[in-house]
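Enquirer: One structure, pasted below without further comment.
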Amino acid sequence: MNIIVGATGQVGSHLINRLTEKGIPVIAVVRNANKVKSSNIQIRPADLFVTDQVVNAFEGATTAFLLTPENPTSNDIIEDTRKIVENYKKAIEINGIKRIVCLSSIGAHLEGKTGNLLMSRLLEQGFNELNIEKIIVRPSYYFSNWLGYYNTVMQYGVLPTFFPEDLKIPMHSPLDLADFLADIVAKPDQTETTKIYELVGQEKYSSLDIAKAFSNILGKDVFTQSIPSDKWKETLVSVSFTENAANNLIDMTQAVIDGLTIPEFPNETIELKTTIDNYLKTQLGK
């Protein structure tokens with residue numbers, strides 16, 4: 001049996017659909033069962049901060065898909081991550097789970113002031129003492145992050161960005177990521193080893209490239225608007241981020257701009273196939 005944490009997100013929900021199509025049994029572990037769209041899977045509600053709930057939710061599983069939920073309302077997002085990872089670890093040990101698949105991020109191998117990337121680093125390192133199969137999947141920047149600006153694009157023809165508008169970085173479709181994860185979950189090696197996969201798209205994109213893709217698909221002019229760094233916190237707080245959550249996202253953004261979010265194994269990256277144009281067409285129904 002496969003435990004899937006984060007089943008209500010775009011990656012998690014698509015992962016569950018793919019596993020179900022393959023005939024692979026899954027259990028969705030969620031805080032709010034009403035948010036799970038599929039009616040064909042088993043659901044176990046659990047607050048990831050409550051140890052007993054996580055232990056009970058993982059009962060009977062042999063594989064667990066794990067991630068670190070990002071919470072913009074957290075007042076200490078790093079400490080929250082430590083608590084969640086510790087609860088994962090206890091649930092794995094108590095239930096005798098033999099295999100974990102961790103959704104991390106490119107750049108998680110780096111030490112230093114990397115903000116939200118530290119969450120992924122904590123997830124990767126949280127199970128070092130366990131003699132189980134550990135699969136680490138490090139994706140690059142998600143295309144879906146740009147969909148949050150869709151209303152602004154439609155209303156004003158403007159695509160806001162925290163990046164320099166011509167900065168090109170690796171990006172890919174989260175649906176491709178979910179397909180990759182489904183293949184990994186479905187084929188356990190049953191070895192007490194650690195494997196790392198780093199995923200990128202076919203090419204790097206800049207904010208200008210994303211604006212052009214929106215423009216082509218929507219049939220209207222779309223221009224980028226780079227938000228100055230001294231306005232980052234103000235902007236994030238205005239959309240309900242706490243100061244702590246904003247600071248961590250800012251640190252990660254700066255790490256990206258500084259070129260720190262690079263693969264640990266650049267010659268072994270795996271290229272996902274969907275382009276930004278095809279992704280937006282599918283998501284926007286064009």
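Chain identifiers are assigned as A, B, and so on, following the order in which chains appear in the structure tokens; residues are numbered from 1 within each chain, and ligands are numbered from 1 in order of appearance.
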If you run DSSP on this backbone, which residues of region 225-275 of chain A come out as helix (DSSP H, G or I), and could you give them as JSON, numbers by chain?
Expert: {"A": [229, 230, 231, 232, 233, 234, 235, 236, 237, 238, 243, 244, 245, 246, 247, 248, 249, 250, 251, 252, 253, 254, 255, 256, 257, 266, 267, 268]}
Enquirer: Please identify every residue of region 133-214 of chain A that has at least one atom no farther than 9 Å from an atom of region 5-15 of chain A, counting only C-alpha atoms, and for each give the shortest atom pair and the distance in Å to one decimal, arranged by chain then increasing number, as a tab-separated table.
Expert:
```
residue	atom	partner	partner_atom	distance
A:Ser144	CA	A:Gln10	CA	8.7
A:Pro174	CA	A:Val11	CA	5.8
A:Leu175	CA	A:Val11	CA	6.3
A:Asp176	CA	A:Val11	CA	8.9
A:Leu177	CA	A:Val11	CA	7.2
A:Ala178	CA	A:Leu15	CA	4.9
A:Asp179	CA	A:Leu15	CA	6.6
A:Phe180	CA	A:Leu15	CA	8.8
A:Leu181	CA	A:Leu15	CA	6.8
A:Ala182	CA	A:Leu15	CA	5.7
```
Enquirer: Go ahead and write the selection's residues with C-alpha atoms as an mmCIF file, in the first residue's frame.
Expert:
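The resulting result.cif:
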```cif
data_model
loop_
_atom_site.group_PDB
_atom_site.id
_atom_site.type_symbol
_atom_site.label_atom_id
_atom_site.label_comp_id
_atom_site.auth_asym_id
_atom_site.auth_seq_id
_atom_site.Cartn_x
_atom_site.Cartn_y
_atom_site.Cartn_z
ATOM 1 C CA SER A 144 2.062 26.309 -12.296
ATOM 2 C CA PRO A 174 4.126 19.694 -12.456
ATOM 3 C CA LEU A 175 2.013 17.158 -14.356
ATOM 4 C CA ASP A 176 5.142 15.740 -15.974
ATOM 5 C CA LEU A 177 6.630 15.575 -12.492
ATOM 6 C CA ALA A 178 3.609 13.641 -11.225
ATOM 7 C CA ASP A 179 3.929 11.180 -14.123
ATOM 8 C CA PHE A 180 7.579 10.637 -13.234
ATOM 9 C CA LEU A 181 6.715 10.135 -9.572
ATOM 10 C CA ALA A 182 4.003 7.613 -10.450
#
```
Enquirer: Please run DSSP on the backbone and report, as a list of chain:residue names, all residues within region 105-220 of chain A that come out as strand (DSSP E).
Expert: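 Here are the strand (DSSP E) residues of region 105-220 of chain A: A:Glu133, A:Lys134, A:Ile135, A:Ile136, A:Val137, A:Arg138, A:Tyr141, A:Tyr142, A:Val158, A:Leu159, A:Pro160, A:Thr161, A:Ile169, A:Pro170, A:Met171, A:His172, A:Thr194, A:Lys195, A:Ile196, A:Tyr197, A:Glu198, A:Leu199, A:Val200, A:Lys204, A:Tyr205.
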Enquirer: Go ahead and write the selection's residues with N, CA and C atoms as a PDB file, in the first residue's frame.
Expert:
```
ATOM      1  N   GLU A 133      14.758   2.023   1.752  1.00  0.00           N
ATOM      2  CA  GLU A 133      14.984   2.601   0.428  1.00  0.00           C
ATOM      3  C   GLU A 133      14.500   4.048   0.435  1.00  0.00           C
ATOM      4  N   LYS A 134      15.366   4.969   0.021  1.00  0.00           N
ATOM      5  CA  LYS A 134      15.034   6.394   0.012  1.00  0.00           C
ATOM      6  C   LYS A 134      15.224   6.953  -1.397  1.00  0.00           C
ATOM      7  N   ILE A 135      14.143   7.485  -1.947  1.00  0.00           N
ATOM      8  CA  ILE A 135      14.170   8.096  -3.270  1.00  0.00           C
ATOM      9  C   ILE A 135      13.961   9.599  -3.090  1.00  0.00           C
ATOM     10  N   ILE A 136      14.911  10.390  -3.560  1.00  0.00           N
ATOM     11  CA  ILE A 136      14.824  11.844  -3.483  1.00  0.00           C
ATOM     12  C   ILE A 136      14.576  12.377  -4.888  1.00  0.00           C
ATOM     13  N   VAL A 137      13.482  13.107  -5.072  1.00  0.00           N
ATOM     14  CA  VAL A 137      13.171  13.698  -6.369  1.00  0.00           C
ATOM     15  C   VAL A 137      13.250  15.212  -6.235  1.00  0.00           C
ATOM     16  N   ARG A 138      14.167  15.812  -6.991  1.00  0.00           N
ATOM     17  CA  ARG A 138      14.403  17.263  -6.932  1.00  0.00           C
ATOM     18  C   ARG A 138      13.956  17.911  -8.245  1.00  0.00           C
ATOM     19  N   TYR A 141      11.735  24.682 -11.152  1.00  0.00           N
ATOM     20  CA  TYR A 141      10.633  25.628 -10.936  1.00  0.00           C
ATOM     21  C   TYR A 141       9.384  25.156 -11.681  1.00  0.00           C
ATOM     22  N   TYR A 142       8.231  25.228 -11.035  1.00  0.00           N
ATOM     23  CA  TYR A 142       6.988  24.747 -11.637  1.00  0.00           C
ATOM     24  C   TYR A 142       6.364  25.806 -12.563  1.00  0.00           C
ATOM     25  N   VAL A 158      -0.472  42.403 -17.554  1.00  0.00           N
ATOM     26  CA  VAL A 158       0.810  42.498 -16.868  1.00  0.00           C
ATOM     27  C   VAL A 158       1.107  41.191 -16.142  1.00  0.00           C
ATOM     28  N   LEU A 159       2.345  40.714 -16.278  1.00  0.00           N
ATOM     29  CA  LEU A 159       2.804  39.533 -15.550  1.00  0.00           C
ATOM     30  C   LEU A 159       3.823  39.977 -14.507  1.00  0.00           C
ATOM     31  N   PRO A 160       3.437  40.046 -13.233  1.00  0.00           N
ATOM     32  CA  PRO A 160       4.407  40.418 -12.188  1.00  0.00           C
ATOM     33  C   PRO A 160       5.440  39.319 -12.011  1.00  0.00           C
ATOM     34  N   THR A 161       6.640  39.700 -11.614  1.00  0.00           N
ATOM     35  CA  THR A 161       7.691  38.716 -11.366  1.00  0.00           C
ATOM     36  C   THR A 161       8.668  39.238 -10.328  1.00  0.00           C
ATOM     37  N   ILE A 169      15.716  30.395 -16.116  1.00  0.00           N
ATOM     38  CA  ILE A 169      15.934  29.329 -15.144  1.00  0.00           C
ATOM     39  C   ILE A 169      15.200  28.067 -15.612  1.00  0.00           C
ATOM     40  N   PRO A 170      15.624  26.890 -15.128  1.00  0.00           N
ATOM     41  CA  PRO A 170      14.924  25.656 -15.495  1.00  0.00           C
ATOM     42  C   PRO A 170      13.496  25.662 -14.963  1.00  0.00           C
ATOM     43  N   MET A 171      12.556  25.283 -15.791  1.00  0.00           N
ATOM     44  CA  MET A 171      11.146  25.181 -15.407  1.00  0.00           C
ATOM     45  C   MET A 171      10.534  23.962 -16.073  1.00  0.00           C
ATOM     46  N   HIS A 172       9.444  23.453 -15.483  1.00  0.00           N
ATOM     47  CA  HIS A 172       8.792  22.286 -16.072  1.00  0.00           C
ATOM     48  C   HIS A 172       7.352  22.196 -15.598  1.00  0.00           C
ATOM     49  N   THR A 194      19.904   5.023  -1.202  1.00  0.00           N
ATOM     50  CA  THR A 194      19.364   6.356  -1.475  1.00  0.00           C
ATOM     51  C   THR A 194      19.647   6.704  -2.928  1.00  0.00           C
ATOM     52  N   LYS A 195      18.598   7.097  -3.649  1.00  0.00           N
ATOM     53  CA  LYS A 195      18.739   7.524  -5.035  1.00  0.00           C
ATOM     54  C   LYS A 195      18.223   8.950  -5.171  1.00  0.00           C
ATOM     55  N   ILE A 196      18.893   9.741  -5.996  1.00  0.00           N
ATOM     56  CA  ILE A 196      18.510  11.124  -6.211  1.00  0.00           C
ATOM     57  C   ILE A 196      18.242  11.346  -7.693  1.00  0.00           C
ATOM     58  N   TYR A 197      17.063  11.917  -7.995  1.00  0.00           N
ATOM     59  CA  TYR A 197      16.723  12.286  -9.361  1.00  0.00           C
ATOM     60  C   TYR A 197      16.509  13.798  -9.407  1.00  0.00           C
ATOM     61  N   GLU A 198      17.164  14.459 -10.364  1.00  0.00           N
ATOM     62  CA  GLU A 198      16.989  15.908 -10.530  1.00  0.00           C
ATOM     63  C   GLU A 198      16.322  16.168 -11.882  1.00  0.00           C
ATOM     64  N   LEU A 199      15.202  16.893 -11.859  1.00  0.00           N
ATOM     65  CA  LEU A 199      14.361  17.064 -13.033  1.00  0.00           C
ATOM     66  C   LEU A 199      14.350  18.512 -13.516  1.00  0.00           C
ATOM     67  N   VAL A 200      14.455  18.685 -14.814  1.00  0.00           N
ATOM     68  CA  VAL A 200      14.372  20.003 -15.434  1.00  0.00           C
ATOM     69  C   VAL A 200      13.449  19.900 -16.645  1.00  0.00           C
ATOM     70  N   LYS A 204      15.357  26.379 -20.561  1.00  0.00           N
ATOM     71  CA  LYS A 204      15.181  27.370 -19.519  1.00  0.00           C
ATOM     72  C   LYS A 204      14.274  28.487 -20.041  1.00  0.00           C
ATOM     73  N   TYR A 205      13.513  29.077 -19.132  1.00  0.00           N
ATOM     74  CA  TYR A 205      12.616  30.170 -19.501  1.00  0.00           C
ATOM     75  C   TYR A 205      12.873  31.385 -18.618  1.00  0.00           C
TER      76      TYR A 205
END
```
Enquirer: When you count only C-alpha atoms, which of these residues is closest to Met154 (chain A): A:Gln283, A:Ser215, A:Thr269, A:Thr191?
Expert: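 Once distances to Met154 (chain A) are computed over only C-alpha atoms, the minimum belongs to A:Ser215.
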Enquirer: How close does each residue of region 72-156 of chain A get to region 29-49 of chain A, giving the shortest atom pair and distance in Å to one decimal for every residue with an atom at most 10 Å away, counting only C-alpha atoms, sorted by chain and residue number, as a tab-separated table?
Expert:
```
residue	atom	partner	partner_atom	distance
A:Asp80	CA	A:Phe49	CA	7.9
A:Thr81	CA	A:Phe49	CA	9.3
A:Arg82	CA	A:Phe49	CA	9.9
A:Lys83	CA	A:Phe49	CA	6.5
A:Ile84	CA	A:Phe49	CA	5.7
A:Val85	CA	A:Leu48	CA	8.9
A:Glu86	CA	A:Phe49	CA	9.3
A:Asn87	CA	A:Leu48	CA	7.2
A:Tyr88	CA	A:Leu48	CA	8.1
```
Enquirer: Rank A:Lys168, A:Arg18, A:Lys113, A:Arg121 by their smallest atom-to-atom distance to Met252 (chain A), using only C-alpha atoms, and report the top residue only.
Expert: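 Under the stated criterion, the closest residue is A:Lys113.
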Enquirer: With only C-alpha atoms as the atoms that count, which of A:Ile3, A:Leu218, A:Asp76, A:Leu110 lies nearest to Asp277 (chain A)?
Expert: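 Using only C-alpha atoms, Asp277 (chain A) sits closest to A:Leu218.
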Enquirer: Take CA of Asn71 (chain A) and CA of Phe241 (chain A) and report the distance between them in Å, one decimal.
Expert: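 CA of Asn71 (chain A) sits 8.5 Å away from CA of Phe241 (chain A).
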Enquirer: Using only C-alpha atoms, find the one residue out of A:Leu236, A:Leu167, A:Thr68, A:Asp209 that sits nearest to Glu124 (chain A).
Expert: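 Among the listed residues, A:Thr68 lies closest to Glu124 (chain A).
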